[in-house]
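Colleague: The structure is given below, and queries will be raised subsequently.
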Amino acid sequence: MTKKKFGSLLLIASLVTTLLFSACTTGGGTGSSGGSKGPIKVGVVNNPPSESGYREANVKDMEAVFSAANGYELKTAYSLKNDEQLQAAQGFITEGVDYLLISAAETTGWDEVLKKAKEAGIKVFLFDRMIDVDESLYEAAVVSDMSKEGETAVNWLLAQNLDEYNVIHIQGAMGSDAQIGRTGALDAQFASGKMNKVVQQTATWDEAEAKKIVESVINSGDDFNVIYAENDGMAKGAVAALDEAGISHGINGKVVVMGFDCNKWALRELKAGNWNYDGQCSPFQAQIISDIIQGKKTVTSKKIINEEKGFDAKTLTDDDINTYGLGE
Amino acid sequence: MKDNFRRFFKGGLGQLTIPIIAILFLVGFNLVRDPSFFSIEITQNNNGNMVLAGNLISIINGASELAVLAMGMTLVTAACGGQDISVGAAAAIAGSAFVKILKVSPNITGVTVAAAFLFACVVAMIFGAFNGTLVSVFKIQPMIATLILYTCGRSIAYWINGGATPTVSSPIITAIGGFIPGIPVPTPVLIVITVAIIFVLVFHFTSLELFTQSVGINGSAARLNGINSTFIKLLSFIILGLCVAVAGTIGVSRLGLINHETLLLDIEMDAILAVAIGGNNLGGGKFKISGSIIGAYVIQMLTITLYAMKVPSTDVKAYKAIVIILLVVIGSPVIKSKFQKTVSRVKSNKQRVSMKGAE
């Protein structure tokens with residue numbers, strides 16, 4: 001009896017895992033015939049498009065560039081979790097792709113998988129995010145320089161010449177490249193004493209959590225005049241807390257609001273004067289990688305940096321919103 | 001007075017003892033730490049409304065989604081002796097359905113918001129029925145049955161709107177997630193009160209409470225007594241589905257934005273905890289929804305207290321875990337019976353002493 005129960009449980013468990021896998025790997029072709037004549041097989045391990053407007057644009061860009069029309073066969077796996085990403089990468093290696101493109105959830109833990117890829121003769125490209133591994137394990141990394149994004153933002157903030165800087169710093173998922181880079185420049189200011197850290201908390205890219213953090217600062221009665229949120233969503237959450245407490249923000253407001261990623265809706269907030277600054281994070285790396293694969297571009301340095309801007313609400317134009325804004 | 005005291009230790013408050021002690025402990029802790037934690041003030045928000053603000057308001061407001069989900073979760077727990085771990089993912093689906101209707105309608109009016117909410121309810125009830133069917137008809141362990149939706153729910157939520165983090169802005173949405181002009185109490189709090197009243201009314205005018213308990217205690221005995229246990233279990237999941245729709249709608253309305261990956265993330269664990277802290281038997285049977293509601297506020301109060309102490313939010317979960325382990329262990333049957341034994345031993349000692357005194 002118990003054996004039977006155990007057996008049926010096992011069956012369900014295996015069913016669930018198959019479901020899981022089929023949900024993760026969309027377009028996992030079964031008829032993958034070997035040989036060099038077929039399309040170039042590209043496996044992309046990425047964060048899910050629903051993560052952010054950035055990721056949505058990034059995923060769309062990947063799908064457009066690595067399309068069948070351009071001679072590619074694209075396989076994708078999306079997860080916010082590092083261990084699931086590692087499994088997916090391992091899956092692609094077993095399936096036998098030609099190129100493996102990775103945007104890692106976390107910077108650590110990738111050594112083994114990349115070594116296996118190298119042994120299997122699969123060429124690895126990193127995009128969007130760096131990984132803590134030896135350079136020899138990948139062909140090139142097409143990335144945004146997140147610390148430069150942080151520096152651009154902090155330099156802009158310093159140029160505002162505020163009497164004092166009391167900063168609420170809302171961080172992204174701890175350990176992610178975006179968080180480390182965007183935190184670095186601000187931490188340097190806290191250390192030098194030029195800016196005061198009112199609170200520094202991670203909201204793990206969660207809007208609602210960001211709102212709670214700002215709410216707790218307002219409730220504690222601490223004074224602040226800058227909100228530095230490491231993405232647009234969290235900036236929106238923070239602004240919601242300000243609105244509920246009746247604190248003015250944006251151009252001519254008490255609190256300077258800063259976000260990152262340049263979603264279209266966020267740039268519109270800038271244009272309306274509700275926010276002050278938005279830092280760009282370019283999601284368009286696919287073309288550069290495709291050029292390298294097809295030999296149109298040679299790799300001189302393994303780290304290839306995407307040019308990025310920062311937008312000031314006072315100088316933002318509608319053209320900027322259309323050109324650089326992500327999403328709808 | 002003495003009688004009340006004795007009844008209290010005998011279990012006069014019954015299963016509510018632990019959650020009430022937990023709340024009192026947290027209140028006391030904060031009073032010692034910083035009495036201004038409890039200050040409430042009226043401020044004017046940026047929409048020109050006079051609203052209440054303060055840590056207490058943050059706690060009561062912030063726990064709204066959790067409280068609503070905990071109520072539904074209690075019912076499922078009582079009837080099925082297991083928990084639904086897909087409520088967070090299902091709320092993301094319901095929230096997406098809500099946003100979808102608002103996006104397709106040309107302009108957002110009271111009618112479209114009502115229609116969107118109804119649509120979200122229907123969608124969430126369908127997914128609730130799906131979970132419920134697996135559990136009640138196919139007799140699959142609730143945790144395994146709901147694991148399916150837990151795994152794929154957020155992907156489904158993504159399919160509904162396609163794009164990432166769609167935003168909706170309208171004064172009506174702001175009123176649902178924030179404040180109705182002229183009312184200083186956050187709307188989510190009013191919604192929780194409404195849902196709680198509905199539960200009270202349903203329990204008062206129907207036999208749902210009794211039926212749920214009897215199904216949870218012994219399903220086959222209940223069936224022999226003419227209660228359709230399959231239907232009661234299914235019904236509990238459908239009711240939870242309604243709660244999920246309410247929670248999802250509140251969650252979306254707070255910011256006028258839906259992020260399928262983070263909306264009410266990990267809330268299923270907090271909802272189950274709320275049920276446990278509320279002193280309900282996770283194996284089914286007798287239950288008190290009021291316990292779960294208090295449990296939800298205990299969890300939120302703990303979080304806000306840690307935030308007020310500027311504990312790094314990465315560490316918050318660890319501290320929360322410590323407190324929750326304590327609560328659950330203190331509430332466990334082993335400790336309870338030990339405690340009762342000690343109390344009765346002390347009492348009999350006293351009696352002996354007083355008898356000796358009489359001699």
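Chain labels follow the order of the structure tokens: the first chain is A, the next B, and so on; residue numbering restarts at 1 in every chain, and ligands are counted from 1 in their shown order.
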Would you give me, as a list in words, the residues of chain A that come within 7 Å of chain B, using only C-alpha atoms?
Modeller: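 Taken together, these residues fit the definition: Val16, Leu20, Pro49, Ser50, Glu51, Ser52, Gly53, Glu56, Gln201, Thr202, Asp206, Ser216, Asn219, Ser220, Gly237, Ala240, Asp243, Glu244, Ala245, Gly246 and Ile247 of chain A.
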Colleague: What separation in Å, quoted to one decimal, exists between CA of Val99 (chain B) and CA of Ala208 (chain A)?
Modeller: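 Between CA of Val99 (chain B) and CA of Ala208 (chain A) the gap is 16.7 Å.
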Colleague: Enumerate, as number ranges by chain, the complete set of residues in region 198-267 of chain B that a backbone-based DSSP assignment places in helix (DSSP H, G or I).
Modeller: B: 198-205, 208-217, 219-224, 229-255, 267
Colleague: Okay, now the selection with C-alpha atoms, as an mmCIF file, in the first residue's frame?
Modeller:
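Written output follows (again_16.cif):
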data_model
loop_
_atom_site.group_PDB
_atom_site.id
_atom_site.type_symbol
_atom_site.label_atom_id
_atom_site.label_comp_id
_atom_site.auth_asym_id
_atom_site.auth_seq_id
_atom_site.Cartn_x
_atom_site.Cartn_y
_atom_site.Cartn_z
ATOM 1 C CA ILE B 198 -18.241 38.564 4.644
ATOM 2 C CA PHE B 199 -16.569 35.525 6.227
ATOM 3 C CA VAL B 200 -18.358 36.159 9.530
ATOM 4 C CA LEU B 201 -21.702 36.494 7.758
ATOM 5 C CA VAL B 202 -21.149 33.356 5.686
ATOM 6 C CA PHE B 203 -20.222 31.365 8.794
ATOM 7 C CA HIS B 204 -23.214 32.771 10.632
ATOM 8 C CA PHE B 205 -25.826 32.041 7.997
ATOM 9 C CA LEU B 208 -19.796 26.065 6.026
ATOM 10 C CA GLU B 209 -17.702 26.343 9.196
ATOM 11 C CA LEU B 210 -19.124 23.189 10.745
ATOM 12 C CA PHE B 211 -18.930 21.239 7.480
ATOM 13 C CA THR B 212 -15.337 22.332 6.852
ATOM 14 C CA GLN B 213 -14.298 21.274 10.333
ATOM 15 C CA SER B 214 -15.943 17.887 10.104
ATOM 16 C CA VAL B 215 -14.438 17.210 6.676
ATOM 17 C CA GLY B 216 -11.030 18.229 8.018
ATOM 18 C CA ILE B 217 -11.282 16.104 11.153
ATOM 19 C CA GLY B 219 -13.578 13.099 5.795
ATOM 20 C CA SER B 220 -15.150 9.649 5.626
ATOM 21 C CA ALA B 221 -17.093 10.129 8.853
ATOM 22 C CA ALA B 222 -18.350 13.428 7.474
ATOM 23 C CA ARG B 223 -19.383 11.675 4.253
ATOM 24 C CA LEU B 224 -21.271 9.032 6.211
ATOM 25 C CA SER B 229 -16.483 16.195 1.464
ATOM 26 C CA THR B 230 -15.256 16.432 -2.131
ATOM 27 C CA PHE B 231 -17.435 19.473 -2.689
ATOM 28 C CA ILE B 232 -16.408 21.140 0.586
ATOM 29 C CA LYS B 233 -12.728 20.752 -0.296
ATOM 30 C CA LEU B 234 -13.293 22.090 -3.799
ATOM 31 C CA LEU B 235 -15.307 24.965 -2.380
ATOM 32 C CA SER B 236 -12.510 25.902 0.017
ATOM 33 C CA PHE B 237 -10.117 26.258 -2.916
ATOM 34 C CA ILE B 238 -12.607 28.337 -4.890
ATOM 35 C CA ILE B 239 -13.104 30.655 -1.901
ATOM 36 C CA LEU B 240 -9.327 30.928 -1.605
ATOM 37 C CA GLY B 241 -9.363 31.841 -5.311
ATOM 38 C CA LEU B 242 -11.629 34.792 -4.500
ATOM 39 C CA CYS B 243 -9.228 35.879 -1.771
ATOM 40 C CA VAL B 244 -6.376 35.601 -4.258
ATOM 41 C CA ALA B 245 -8.218 37.883 -6.686
ATOM 42 C CA VAL B 246 -8.758 40.468 -3.950
ATOM 43 C CA ALA B 247 -5.104 40.304 -2.871
ATOM 44 C CA GLY B 248 -3.874 40.540 -6.472
ATOM 45 C CA THR B 249 -6.080 43.541 -7.147
ATOM 46 C CA ILE B 250 -4.836 45.339 -4.038
ATOM 47 C CA GLY B 251 -1.235 44.521 -4.951
ATOM 48 C CA VAL B 252 -1.578 45.897 -8.474
ATOM 49 C CA SER B 253 -3.489 48.991 -7.375
ATOM 50 C CA ARG B 254 -0.913 50.066 -4.805
ATOM 51 C CA LEU B 255 1.498 51.246 -7.477
ATOM 52 C CA ILE B 267 3.581 35.455 0.143
#
Colleague: Give me the residues near Gln160 (chain A) as a PyMOL selection string, where near means some atom within 12 Å (using only C-alpha atoms) and where sequence neighbours in that chain fewer than 6 positions away do not count.
Modeller: chain A and resi 153-154+226+251+256+276-277+312+314
Colleague: Quick one: DSSP strand (DSSP E) residues in region 136-240 of chain A, as a PDB file with N, CA and C atoms, in the first residue's frame?
Modeller:
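And here is the file that came out, part29.pdb:
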ATOM      1  N   ALA A 140      33.818  36.561 -25.375  1.00  0.00           N
ATOM      2  CA  ALA A 140      33.713  37.989 -25.140  1.00  0.00           C
ATOM      3  C   ALA A 140      32.538  38.258 -24.221  1.00  0.00           C
ATOM      4  N   ALA A 141      32.584  39.402 -23.573  1.00  0.00           N
ATOM      5  CA  ALA A 141      31.470  39.812 -22.722  1.00  0.00           C
ATOM      6  C   ALA A 141      30.995  41.171 -23.208  1.00  0.00           C
ATOM      7  N   VAL A 142      29.760  41.200 -23.713  1.00  0.00           N
ATOM      8  CA  VAL A 142      29.195  42.471 -24.162  1.00  0.00           C
ATOM      9  C   VAL A 142      28.333  42.991 -23.030  1.00  0.00           C
ATOM     10  N   VAL A 143      28.838  44.005 -22.359  1.00  0.00           N
ATOM     11  CA  VAL A 143      28.159  44.414 -21.129  1.00  0.00           C
ATOM     12  C   VAL A 143      27.992  45.926 -21.038  1.00  0.00           C
ATOM     13  N   ASN A 166      21.210  63.913   1.841  1.00  0.00           N
ATOM     14  CA  ASN A 166      20.742  62.848   2.733  1.00  0.00           C
ATOM     15  C   ASN A 166      20.016  61.822   1.863  1.00  0.00           C
ATOM     16  N   VAL A 167      20.674  60.696   1.653  1.00  0.00           N
ATOM     17  CA  VAL A 167      20.256  59.787   0.594  1.00  0.00           C
ATOM     18  C   VAL A 167      19.574  58.530   1.134  1.00  0.00           C
ATOM     19  N   ILE A 168      18.404  58.206   0.552  1.00  0.00           N
ATOM     20  CA  ILE A 168      17.830  56.876   0.741  1.00  0.00           C
ATOM     21  C   ILE A 168      18.286  56.052  -0.449  1.00  0.00           C
ATOM     22  N   HIS A 169      19.012  55.005  -0.183  1.00  0.00           N
ATOM     23  CA  HIS A 169      19.583  54.192  -1.250  1.00  0.00           C
ATOM     24  C   HIS A 169      18.851  52.847  -1.312  1.00  0.00           C
ATOM     25  N   ILE A 170      18.088  52.631  -2.383  1.00  0.00           N
ATOM     26  CA  ILE A 170      17.350  51.374  -2.534  1.00  0.00           C
ATOM     27  C   ILE A 170      18.082  50.504  -3.542  1.00  0.00           C
ATOM     28  N   GLN A 171      18.570  49.374  -3.068  1.00  0.00           N
ATOM     29  CA  GLN A 171      19.406  48.522  -3.909  1.00  0.00           C
ATOM     30  C   GLN A 171      18.602  47.422  -4.608  1.00  0.00           C
ATOM     31  N   ASN A 196      25.295  61.776   3.058  1.00  0.00           N
ATOM     32  CA  ASN A 196      24.913  61.020   4.251  1.00  0.00           C
ATOM     33  C   ASN A 196      23.993  59.871   3.856  1.00  0.00           C
ATOM     34  N   LYS A 197      24.287  58.716   4.421  1.00  0.00           N
ATOM     35  CA  LYS A 197      23.441  57.553   4.159  1.00  0.00           C
ATOM     36  C   LYS A 197      22.316  57.545   5.184  1.00  0.00           C
ATOM     37  N   VAL A 198      21.089  57.836   4.752  1.00  0.00           N
ATOM     38  CA  VAL A 198      19.949  57.777   5.672  1.00  0.00           C
ATOM     39  C   VAL A 198      19.588  56.320   5.884  1.00  0.00           C
ATOM     40  N   VAL A 199      19.470  55.607   4.777  1.00  0.00           N
ATOM     41  CA  VAL A 199      19.234  54.176   4.860  1.00  0.00           C
ATOM     42  C   VAL A 199      19.705  53.543   3.557  1.00  0.00           C
ATOM     43  N   GLN A 200      20.231  52.335   3.654  1.00  0.00           N
ATOM     44  CA  GLN A 200      20.658  51.595   2.463  1.00  0.00           C
ATOM     45  C   GLN A 200      20.079  50.192   2.598  1.00  0.00           C
ATOM     46  N   GLN A 201      19.068  49.896   1.770  1.00  0.00           N
ATOM     47  CA  GLN A 201      18.373  48.624   1.891  1.00  0.00           C
ATOM     48  C   GLN A 201      18.164  48.041   0.498  1.00  0.00           C
ATOM     49  N   THR A 202      18.135  46.721   0.424  1.00  0.00           N
ATOM     50  CA  THR A 202      17.796  46.117  -0.867  1.00  0.00           C
ATOM     51  C   THR A 202      16.298  45.839  -0.916  1.00  0.00           C
ATOM     52  N   VAL A 226      17.250  62.913  -1.099  1.00  0.00           N
ATOM     53  CA  VAL A 226      17.563  62.207  -2.344  1.00  0.00           C
ATOM     54  C   VAL A 226      17.091  60.765  -2.240  1.00  0.00           C
ATOM     55  N   ILE A 227      16.436  60.278  -3.323  1.00  0.00           N
ATOM     56  CA  ILE A 227      16.152  58.847  -3.405  1.00  0.00           C
ATOM     57  C   ILE A 227      16.914  58.303  -4.604  1.00  0.00           C
ATOM     58  N   TYR A 228      17.804  57.365  -4.328  1.00  0.00           N
ATOM     59  CA  TYR A 228      18.626  56.756  -5.371  1.00  0.00           C
ATOM     60  C   TYR A 228      18.166  55.304  -5.464  1.00  0.00           C
ATOM     61  N   ALA A 229      17.296  55.032  -6.436  1.00  0.00           N
ATOM     62  CA  ALA A 229      16.776  53.679  -6.596  1.00  0.00           C
ATOM     63  C   ALA A 229      17.481  53.038  -7.784  1.00  0.00           C
TER      64      ALA A 229
END
Colleague: If you measure from CA of Gly250 (chain A) to CA of Asp232 (chain A), what distance in Å do you get, rounded to one decimal?
Modeller: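 Computed distance, CA of Gly250 (chain A) to CA of Asp232 (chain A), equals 14.1 Å.
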Colleague: Work out how far apart CA of Lys303 (chain A) and CA of Ser147 (chain A) are and give it in Å to one decimal.
Modeller: 13.9 Å
Colleague: Using only C-alpha atoms, which residue out of A:Asp291, A:Glu164, A:Glu73, A:Glu308 lies closest to Asn225 (chain A)?
Modeller: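 Counting only C-alpha atoms, the residue closest to Asn225 (chain A) is A:Glu164.
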Colleague: Using only C-alpha atoms, which of A:Asn47, A:Ser290, A:Thr107, A:Thr152 sits nearest Met258 (chain A)?
Modeller: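 Ranking A:Asn47, A:Ser290, A:Thr107, A:Thr152 by distance to Met258 (chain A), first place goes to A:Thr152.
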Colleague: Do a neighbour search on Phe311 (chain A) at 12 Å with only C-alpha atoms, toss out local chain neighbours closer than 4 positions, and write the hits as a PDB file with N, CA and C atoms, in the first residue's frame.
Modeller:
ATOM      1  N   GLU A 149      27.760  53.481 -15.007  1.00  0.00           N
ATOM      2  CA  GLU A 149      26.389  54.001 -14.854  1.00  0.00           C
ATOM      3  C   GLU A 149      26.227  54.678 -13.501  1.00  0.00           C
ATOM      4  N   THR A 152      28.218  57.962 -13.496  1.00  0.00           N
ATOM      5  CA  THR A 152      27.508  59.004 -14.245  1.00  0.00           C
ATOM      6  C   THR A 152      26.393  59.591 -13.393  1.00  0.00           C
ATOM      7  N   ALA A 153      25.645  58.703 -12.737  1.00  0.00           N
ATOM      8  CA  ALA A 153      24.518  59.155 -11.927  1.00  0.00           C
ATOM      9  C   ALA A 153      24.990  59.989 -10.740  1.00  0.00           C
ATOM     10  N   TRP A 156      26.222  63.341 -11.756  1.00  0.00           N
ATOM     11  CA  TRP A 156      25.089  64.225 -12.030  1.00  0.00           C
ATOM     12  C   TRP A 156      24.542  64.787 -10.725  1.00  0.00           C
ATOM     13  N   LEU A 157      24.432  63.898  -9.735  1.00  0.00           N
ATOM     14  CA  LEU A 157      23.880  64.299  -8.436  1.00  0.00           C
ATOM     15  C   LEU A 157      24.767  65.359  -7.779  1.00  0.00           C
ATOM     16  N   MET A 258      15.898  59.543  -8.354  1.00  0.00           N
ATOM     17  CA  MET A 258      16.757  58.980  -9.396  1.00  0.00           C
ATOM     18  C   MET A 258      16.429  57.511  -9.627  1.00  0.00           C
ATOM     19  N   GLY A 259      16.354  57.135 -10.904  1.00  0.00           N
ATOM     20  CA  GLY A 259      16.104  55.744 -11.248  1.00  0.00           C
ATOM     21  C   GLY A 259      17.083  55.288 -12.325  1.00  0.00           C
ATOM     22  N   PHE A 260      16.972  54.031 -12.717  1.00  0.00           N
ATOM     23  CA  PHE A 260      17.812  53.483 -13.783  1.00  0.00           C
ATOM     24  C   PHE A 260      16.981  52.646 -14.739  1.00  0.00           C
ATOM     25  N   ASP A 261      17.453  52.467 -15.935  1.00  0.00           N
ATOM     26  CA  ASP A 261      16.927  51.560 -16.968  1.00  0.00           C
ATOM     27  C   ASP A 261      16.215  52.278 -18.110  1.00  0.00           C
ATOM     28  N   CYS A 262      15.687  53.495 -17.883  1.00  0.00           N
ATOM     29  CA  CYS A 262      15.040  54.250 -18.960  1.00  0.00           C
ATOM     30  C   CYS A 262      13.860  53.519 -19.597  1.00  0.00           C
ATOM     31  N   ASN A 263      12.937  53.030 -18.774  1.00  0.00           N
ATOM     32  CA  ASN A 263      11.660  52.586 -19.318  1.00  0.00           C
ATOM     33  C   ASN A 263      10.931  53.806 -19.859  1.00  0.00           C
ATOM     34  N   ALA A 266       8.967  55.589 -17.321  1.00  0.00           N
ATOM     35  CA  ALA A 266       9.810  56.307 -16.362  1.00  0.00           C
ATOM     36  C   ALA A 266      10.284  57.630 -16.964  1.00  0.00           C
ATOM     37  N   LEU A 267      10.664  57.589 -18.245  1.00  0.00           N
ATOM     38  CA  LEU A 267      11.104  58.822 -18.903  1.00  0.00           C
ATOM     39  C   LEU A 267       9.953  59.825 -18.965  1.00  0.00           C
ATOM     40  N   ARG A 268       8.725  59.291 -19.106  1.00  0.00           N
ATOM     41  CA  ARG A 268       7.570  60.203 -19.099  1.00  0.00           C
ATOM     42  C   ARG A 268       7.420  60.873 -17.737  1.00  0.00           C
ATOM     43  N   GLU A 269       7.727  60.113 -16.662  1.00  0.00           N
ATOM     44  CA  GLU A 269       7.708  60.716 -15.319  1.00  0.00           C
ATOM     45  C   GLU A 269       8.730  61.854 -15.243  1.00  0.00           C
ATOM     46  N   LEU A 270       9.879  61.643 -15.861  1.00  0.00           N
ATOM     47  CA  LEU A 270      10.908  62.684 -15.906  1.00  0.00           C
ATOM     48  C   LEU A 270      10.385  63.907 -16.634  1.00  0.00           C
ATOM     49  N   LYS A 271       9.783  63.637 -17.799  1.00  0.00           N
ATOM     50  CA  LYS A 271       9.285  64.711 -18.641  1.00  0.00           C
ATOM     51  C   LYS A 271       8.231  65.527 -17.894  1.00  0.00           C
ATOM     52  N   TRP A 275      10.196  63.091 -11.575  1.00  0.00           N
ATOM     53  CA  TRP A 275      11.494  62.534 -11.219  1.00  0.00           C
ATOM     54  C   TRP A 275      12.565  63.492 -11.731  1.00  0.00           C
ATOM     55  N   ASN A 276      13.820  63.249 -11.331  1.00  0.00           N
ATOM     56  CA  ASN A 276      14.893  64.143 -11.760  1.00  0.00           C
ATOM     57  C   ASN A 276      15.880  63.513 -12.725  1.00  0.00           C
ATOM     58  N   TYR A 277      16.131  62.218 -12.564  1.00  0.00           N
ATOM     59  CA  TYR A 277      17.215  61.607 -13.336  1.00  0.00           C
ATOM     60  C   TYR A 277      16.892  60.153 -13.643  1.00  0.00           C
ATOM     61  N   ASP A 278      17.278  59.706 -14.843  1.00  0.00           N
ATOM     62  CA  ASP A 278      17.174  58.286 -15.152  1.00  0.00           C
ATOM     63  C   ASP A 278      18.423  57.865 -15.926  1.00  0.00           C
ATOM     64  N   GLY A 279      19.069  56.815 -15.436  1.00  0.00           N
ATOM     65  CA  GLY A 279      20.291  56.343 -16.077  1.00  0.00           C
ATOM     66  C   GLY A 279      19.985  55.258 -17.086  1.00  0.00           C
ATOM     67  N   GLN A 280      20.604  55.345 -18.262  1.00  0.00           N
ATOM     68  CA  GLN A 280      20.338  54.357 -19.298  1.00  0.00           C
ATOM     69  C   GLN A 280      21.103  53.078 -19.026  1.00  0.00           C
ATOM     70  N   CYS A 281      20.505  51.992 -19.458  1.00  0.00           N
ATOM     71  CA  CYS A 281      21.167  50.706 -19.394  1.00  0.00           C
ATOM     72  C   CYS A 281      20.788  50.024 -20.696  1.00  0.00           C
ATOM     73  N   THR A 315      16.418  68.520 -19.305  1.00  0.00           N
ATOM     74  CA  THR A 315      16.872  68.596 -20.689  1.00  0.00           C
ATOM     75  C   THR A 315      16.321  67.472 -21.557  1.00  0.00           C
ATOM     76  N   LEU A 316      15.518  66.577 -20.979  1.00  0.00           N
ATOM     77  CA  LEU A 316      14.980  65.433 -21.722  1.00  0.00           C
ATOM     78  C   LEU A 316      14.029  65.895 -22.833  1.00  0.00           C
ATOM     79  N   THR A 317      14.171  65.307 -24.014  1.00  0.00           N
ATOM     80  CA  THR A 317      13.265  65.646 -25.112  1.00  0.00           C
ATOM     81  C   THR A 317      12.377  64.451 -25.449  1.00  0.00           C
ATOM     82  N   ASP A 318      11.299  64.712 -26.191  1.00  0.00           N
ATOM     83  CA  ASP A 318      10.417  63.628 -26.611  1.00  0.00           C
ATOM     84  C   ASP A 318      11.149  62.639 -27.507  1.00  0.00           C
ATOM     85  N   ASP A 320      14.237  61.767 -27.220  1.00  0.00           N
ATOM     86  CA  ASP A 320      14.990  60.868 -26.334  1.00  0.00           C
ATOM     87  C   ASP A 320      14.098  59.734 -25.862  1.00  0.00           C
ATOM     88  N   ILE A 321      12.846  60.078 -25.487  1.00  0.00           N
ATOM     89  CA  ILE A 321      11.925  59.049 -24.973  1.00  0.00           C
ATOM     90  C   ILE A 321      11.697  57.990 -26.031  1.00  0.00           C
ATOM     91  N   TYR A 324      15.371  56.116 -26.753  1.00  0.00           N
ATOM     92  CA  TYR A 324      16.027  55.357 -25.691  1.00  0.00           C
ATOM     93  C   TYR A 324      15.061  54.681 -24.728  1.00  0.00           C
ATOM     94  N   GLY A 325      13.782  55.040 -24.790  1.00  0.00           N
ATOM     95  CA  GLY A 325      12.820  54.457 -23.857  1.00  0.00           C
ATOM     96  C   GLY A 325      12.563  52.993 -24.158  1.00  0.00           C
TER      97      GLY A 325
END
